[in-house]
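First comes the structure, then the notes that go with it.
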Amino acid sequence: MRTYDVVGIGIGPFNLGLAALADPLADVDAVFLDQAAEFRWHPGMMIEGATIQVPFLADLVTMADPTSPFSFLAFLKDAGRLYPFYVRESFYPLRAEYDEYCRWVAARLDTLRWGRRVVAVEHDAATDDYVVTAERADDAGTQREQYRARHVVLGVGTTPRLPGPLAALAQDAPAGAGPVVHTADYLTHREALRASGAVTVVGSGQSAAEVYRDLLEDAGDYRLDWVTRSPRFFPMEYTKLTLEMTSPEYTDHFHGLPPELRDLVGREQRNLYKGISADLVDDIYDTLYRRTALGRQVPTTLLTDTEVVDARAEASDAGCEYVLTLRHAQLGTTAEHRTRAVVAATGYAAGVPGLLDPVRDRLRLDERGRFDPTRDYSVSTDGRIHTLNGEEHSHGVTAPDLGFGPWRNAVVLAKITGREPYAVERRIAFQQFGLPGGAPAGMSDGGAAASRSAAGEEVAR
């Protein structure tokens with residue numbers, strides 16, 4: 001059986017970027033597997049006009065190799081849209097445009113295998129290889145394929161997360177009731193949400209704001225409410241010295257903290273990458289102002305510092321209603337809120353996928369059963385299983401950052417090849433994140449500051 005240098009599991013933006021960077025390397029024989037039929041990036045949130053929250057330089061390859069033929073600018077040139085993008089004078093591509101770019105890259109790589117659902121990763125003690133087993137459906141039924149690998153790279157991403165009360169509501173909703181959906185499935189259910197007569201958006205961040213704004217224009221045909229446990233509708237912090245936290249140096253610093261402190265700091269840094277773009281916050285306010293300026297009523301309520309602590313379905317003369325029990329954190333009071341549909345913008349969760357169960361004894365796990373990645377992103381005791389975007393709890397804000405993805409991929413490729421096919425910039429920040437004179441942590445080499453990285457995005461996504 002052929003032994004690959006790399007078998008990638010999952011083909012999202014990060015593993016797709018790794019495939020693009022590995023493609024020209026003669027000493028990397030790679031293959032990437034995904035259960036989907038083709039590349040799709042957050043199809044449930046392809047709201048017309050929505051942009052990604054990072055500049056176009058945060059594409060799949062540029063921050064590692066600005067000469068790559070797989071860059072966003074190369075895509076624009078091939079599509080005949082380079083000059084229109086230039087005239088537009090915005091660094092931020094449309095979300096649908098970024099998805100189109102990724103699909104363009106995927107179509108140019110022969111190392112991608114679609115329609116393969118990976119079911120197990122095992123270790124062959126005789127050869128010291130990993131054996132990746134995938135299932136592929138065809139006209140003859142389900143076929144099993146096996147791929148031998150020296151290194152395995154996990155790009156399986158994260159899964160939509162519903163808080164307990166809403167998860168129970170979605171599971172036990174009676175027939176004919178309005179949708180209870182995560183934003184990941186928003187567009188699929190948008191018309192049913194509008195037809196329900198009353199929609200409540202739960203959660204904060206960019207996804208919640210985009211859904212609320214998308215539904216707001218027609219609010220009046222239905223009621224629209226927005227509930228978040230965040231103390232305010234906060235914008236993503238986007239000042240330049242803050243952006244330096246998406247850097248190798250800050251990742252070194254964060255990774256060197258005790259695990260319990262990393263968890264605390266991570267919760268405190270939500271506004272660095274899980275906030276709303278300031279332009280969207282202003283647009284929502286301006287829309288509310290415009291619609292009410294001439295006395296038009298907008299049936300909407302916005303509640304902050306408010307958590308959904310319980311939920312139930314209840315029959316009414318008009319059909320089924322959902323009753324959400326809300327608790328206000330500052331006041332400590334509760335109240336019931338009635339609605340006919342719910343959109344949960346409650347984030348995504350990472351975990352250790354079950355396909356790794358056969359090699360669980362070879363994994364680095366922390367006390368909470370999460371991956372315990374080394375600074376160079378390996379999660380196995382032999383350093384040959386790597387994670388992409390499964391390390392937010394250990395590496396901080398750079399984990400989901402699209403612009404930092406190529407840097408991480410350059411590190412992983414250096415680990416795989418034993419050389420640096422793409423130069424790894426270890427010092428880019430003007431600031432220092434520990435005390436002056438302290439020993440540098442992690443991978444920092446003490447070099448001079450050179451540049452800054454792109455800002456973060458709630459990805460994913």
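Labeling convention for the structure tokens: chains A, B, ... as they appear, residues from 1 per chain, ligands from 1 in order of appearance.
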Test item: residues at most 7 Å from Val359 (chain A), only C-alpha atoms, excluding those fewer than 2 positions along its chain, as a PDB file with N, CA and C atoms, in the first residue's frame:
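Written output follows (part-v7.pdb):
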ATOM      1  N   VAL A 121      -8.675   6.051  12.532  1.00  0.00           N
ATOM      2  CA  VAL A 121      -7.228   6.208  12.373  1.00  0.00           C
ATOM      3  C   VAL A 121      -6.579   5.204  13.316  1.00  0.00           C
ATOM      4  N   GLU A 122      -5.739   4.324  12.766  1.00  0.00           N
ATOM      5  CA  GLU A 122      -5.078   3.291  13.567  1.00  0.00           C
ATOM      6  C   GLU A 122      -3.571   3.393  13.382  1.00  0.00           C
ATOM      7  N   HIS A 123      -2.838   2.796  14.318  1.00  0.00           N
ATOM      8  CA  HIS A 123      -1.380   2.786  14.223  1.00  0.00           C
ATOM      9  C   HIS A 123      -0.908   1.371  13.927  1.00  0.00           C
ATOM     10  N   LEU A 356     -10.540   8.895  16.140  1.00  0.00           N
ATOM     11  CA  LEU A 356      -9.221   8.729  16.752  1.00  0.00           C
ATOM     12  C   LEU A 356      -9.235   7.737  17.912  1.00  0.00           C
ATOM     13  N   ASP A 357     -10.376   7.149  18.208  1.00  0.00           N
ATOM     14  CA  ASP A 357     -10.454   6.226  19.346  1.00  0.00           C
ATOM     15  C   ASP A 357      -9.413   5.108  19.292  1.00  0.00           C
ATOM     16  N   ASP A 361      -4.669   6.158  23.037  1.00  0.00           N
ATOM     17  CA  ASP A 361      -3.540   6.024  23.962  1.00  0.00           C
ATOM     18  C   ASP A 361      -2.296   6.740  23.454  1.00  0.00           C
ATOM     19  N   ARG A 362      -2.306   7.176  22.213  1.00  0.00           N
ATOM     20  CA  ARG A 362      -1.158   7.886  21.641  1.00  0.00           C
ATOM     21  C   ARG A 362      -1.394   9.398  21.590  1.00  0.00           C
ATOM     22  N   LEU A 363      -2.549   9.852  22.066  1.00  0.00           N
ATOM     23  CA  LEU A 363      -2.895  11.271  21.985  1.00  0.00           C
ATOM     24  C   LEU A 363      -2.459  12.018  23.234  1.00  0.00           C
TER      25      LEU A 363
END
Enumerate, as a VMD selection string, the complete set of residues in region 51-216 of chain A that a backbone-based DSSP assignment places in alpha helix (DSSP H).
chain A and resid 72 to 79 82 to 88 95 to 107 164 to 172 186 to 196 206 to 216
List as a Markdown table every residue of region 169-282 of chain A that is in contact with region 410-425 of chain A, defined as an atom at most 12 Å from one of its atoms (using only C-alpha atoms), together with the nearest atom pair and the distance in Å rounded to one decimal, sorted by chain and then rising number.
| residue | atom | partner | partner_atom | distance |
| --- | --- | --- | --- | --- |
| A:Ser247 | CA | A:Glu425 | CA | 9.4 |
| A:Pro248 | CA | A:Glu425 | CA | 7.8 |
| A:Glu249 | CA | A:Glu425 | CA | 10.0 |
I need the residues in region 20-134 of chain A that are strand (DSSP E or B) according to DSSP; give them as number ranges by chain.
A: 30-34, 51, 94, 112-114, 117-124, 129-134
Using only C-alpha atoms, which of A:Leu280, A:Val181, A:Leu82, A:Ala149 sits nearest Pro235 (chain A)?
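Selected residue with least distance to Pro235 (chain A): A:Leu280.
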Spatial neighbours of Arg95 (chain A), 10 Å, only C-alpha atoms, chain gap at least 6 places, as a PyMOL selection string:
chain A and resi 41-43+45-53+101
Output N, CA and C atoms for every residue in the selection just made, as a short mmCIF file (atom, residue, chain, number, x, y, z; two decimals), in the first residue's frame.
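Dumped everything to out21.cif:
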data_model
loop_
_atom_site.label_atom_id
_atom_site.label_comp_id
_atom_site.auth_asym_id
_atom_site.auth_seq_id
_atom_site.Cartn_x
_atom_site.Cartn_y
_atom_site.Cartn_z
N TRP A 41 -18.30 26.33 2.13
CA TRP A 41 -17.88 27.07 3.33
C TRP A 41 -19.06 27.80 3.92
N HIS A 42 -19.56 27.31 5.05
CA HIS A 42 -20.70 27.92 5.74
C HIS A 42 -21.85 28.25 4.78
N PRO A 43 -22.37 27.26 4.08
CA PRO A 43 -23.44 27.55 3.12
C PRO A 43 -24.69 28.14 3.77
N MET A 45 -24.84 30.43 5.87
CA MET A 45 -24.68 31.85 6.20
C MET A 45 -24.21 32.67 5.00
N MET A 46 -24.49 32.20 3.79
CA MET A 46 -24.12 32.96 2.60
C MET A 46 -25.16 34.05 2.32
N ILE A 47 -25.34 34.93 3.27
CA ILE A 47 -26.29 36.04 3.14
C ILE A 47 -25.73 37.04 2.13
N GLU A 48 -26.57 37.45 1.20
CA GLU A 48 -26.10 38.34 0.14
C GLU A 48 -25.51 39.62 0.73
N GLY A 49 -24.33 39.97 0.26
CA GLY A 49 -23.67 41.20 0.69
C GLY A 49 -22.79 41.05 1.91
N ALA A 50 -22.86 39.91 2.63
CA ALA A 50 -22.03 39.72 3.82
C ALA A 50 -20.57 39.56 3.41
N THR A 51 -19.69 40.16 4.18
CA THR A 51 -18.25 40.07 3.91
C THR A 51 -17.58 39.26 5.01
N ILE A 52 -16.40 38.74 4.72
CA ILE A 52 -15.60 38.12 5.77
C ILE A 52 -14.97 39.24 6.58
N GLN A 53 -14.48 38.92 7.77
CA GLN A 53 -14.00 39.95 8.69
C GLN A 53 -12.50 40.13 8.64
N TYR A 101 -13.63 31.53 -4.23
CA TYR A 101 -12.17 31.44 -4.32
C TYR A 101 -11.68 30.07 -3.84
#
Interatomic distance (Å, one decimal) between CA of Leu21 (chain A) and CA of Leu365 (chain A):
28.5 Å
Thr325 (chain A) surroundings by only C-alpha atoms, 8 Å radius, close-in-sequence under 5 positions cut, as a PDB file with N, CA and C atoms, in the first residue's frame:
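part_28.pdb, freshly written:
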ATOM      1  N   VAL A 308     -30.995  32.468  28.103  1.00  0.00           N
ATOM      2  CA  VAL A 308     -32.093  31.510  28.045  1.00  0.00           C
ATOM      3  C   VAL A 308     -31.762  30.362  28.991  1.00  0.00           C
ATOM      4  N   VAL A 309     -32.527  30.223  30.074  1.00  0.00           N
ATOM      5  CA  VAL A 309     -32.240  29.191  31.072  1.00  0.00           C
ATOM      6  C   VAL A 309     -33.200  28.016  30.992  1.00  0.00           C
ATOM      7  N   ASP A 310     -34.304  28.183  30.272  1.00  0.00           N
ATOM      8  CA  ASP A 310     -35.241  27.079  30.100  1.00  0.00           C
ATOM      9  C   ASP A 310     -36.076  27.366  28.857  1.00  0.00           C
ATOM     10  N   ALA A 311     -36.673  26.326  28.298  1.00  0.00           N
ATOM     11  CA  ALA A 311     -37.497  26.496  27.101  1.00  0.00           C
ATOM     12  C   ALA A 311     -38.473  25.340  27.003  1.00  0.00           C
ATOM     13  N   THR A 334     -36.153  36.740  36.425  1.00  0.00           N
ATOM     14  CA  THR A 334     -36.513  35.917  35.282  1.00  0.00           C
ATOM     15  C   THR A 334     -37.847  36.378  34.712  1.00  0.00           C
ATOM     16  N   ALA A 335     -38.053  36.071  33.439  1.00  0.00           N
ATOM     17  CA  ALA A 335     -39.317  36.387  32.775  1.00  0.00           C
ATOM     18  C   ALA A 335     -39.494  35.403  31.635  1.00  0.00           C
ATOM     19  N   GLU A 336     -40.733  35.241  31.177  1.00  0.00           N
ATOM     20  CA  GLU A 336     -41.013  34.360  30.052  1.00  0.00           C
ATOM     21  C   GLU A 336     -41.172  35.174  28.775  1.00  0.00           C
ATOM     22  N   HIS A 337     -40.637  34.634  27.711  1.00  0.00           N
ATOM     23  CA  HIS A 337     -40.681  35.279  26.394  1.00  0.00           C
ATOM     24  C   HIS A 337     -41.278  34.277  25.407  1.00  0.00           C
TER      25      HIS A 337
END
Against region 382-396 of chain A, which residues of region 153-205 of chain A fall within 6 Å? For each one I want the closest pair of atoms and the distance in Å (one decimal), counting only C-alpha atoms, rows by chain and increasing residue number, as a Markdown table.
| residue | atom | partner | partner_atom | distance |
| --- | --- | --- | --- | --- |
| A:Val153 | CA | A:His386 | CA | 4.7 |
| A:Leu154 | CA | A:Thr387 | CA | 4.8 |
| A:Gly155 | CA | A:Leu388 | CA | 5.3 |
Leaving out Ser207 (chain A) and any residue of its chain fewer than 6 positions from it, which residues lie within 9 Å of it when counting only C-alpha atoms, given as a PyMOL selection string?
chain A and resi 45+183-184+276+345-347+458
Shell around region 61-71 of chain A at 10 Å using only C-alpha atoms, local window under 3 positions removed, as a VMD selection string:
chain A and resid 14 16 to 21 24 56 to 58 74 to 77 101 to 102 104 to 106 108 to 109 402 to 411 421 to 425 453 to 454
List as a ChimeraX atom specification the protein and nucleic acid residues near Val343 (chain A), meaning an atom at most 8 Å away when only C-alpha atoms are counted, but skip any in the same chain fewer than 6 places from it.
/A:179-183,186,199-202
Based on the selection just made, write C-alpha atoms of those residues as a CSV table (one decimal), in the first residue's frame.
chain,number,residue,atom,x,y,z
A,179,PRO,CA,-37.9,26.1,13.2
A,180,VAL,CA,-35.4,26.0,16.1
A,181,VAL,CA,-32.1,26.1,14.2
A,182,HIS,CA,-28.4,27.0,14.6
A,183,THR,CA,-27.1,29.8,12.3
A,186,TYR,CA,-30.1,29.7,8.7
A,199,VAL,CA,-38.6,34.9,15.4
A,200,THR,CA,-36.1,35.2,18.3
A,201,VAL,CA,-32.4,35.4,17.6
A,202,VAL,CA,-30.3,34.1,20.6
Of the listed residues A:Thr333, A:Ser378, A:Ile11, A:Thr246, that which approaches Arg427 (chain A) most closely, counting only C-alpha atoms:
A:Thr246
A straight line from CA of Val132 (chain A) to CA of Arg148 (chain A) spans 6.3 Å
Please report the interatomic distance between CA of Glu367 (chain A) and CA of His255 (chain A) in Å with one decimal.
15.8 Å
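Across A:Val131, A:Ala79, A:Ala315, A:Leu215, the tightest approach to Ala175 (chain A) is made by A:Ala315 when counting only C-alpha atoms.
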Measuring between only C-alpha atoms, which one of A:Arg262, A:Ala429, A:Lys274, A:Asp252 shows the shortest distance to Asp376 (chain A)?
A:Asp252
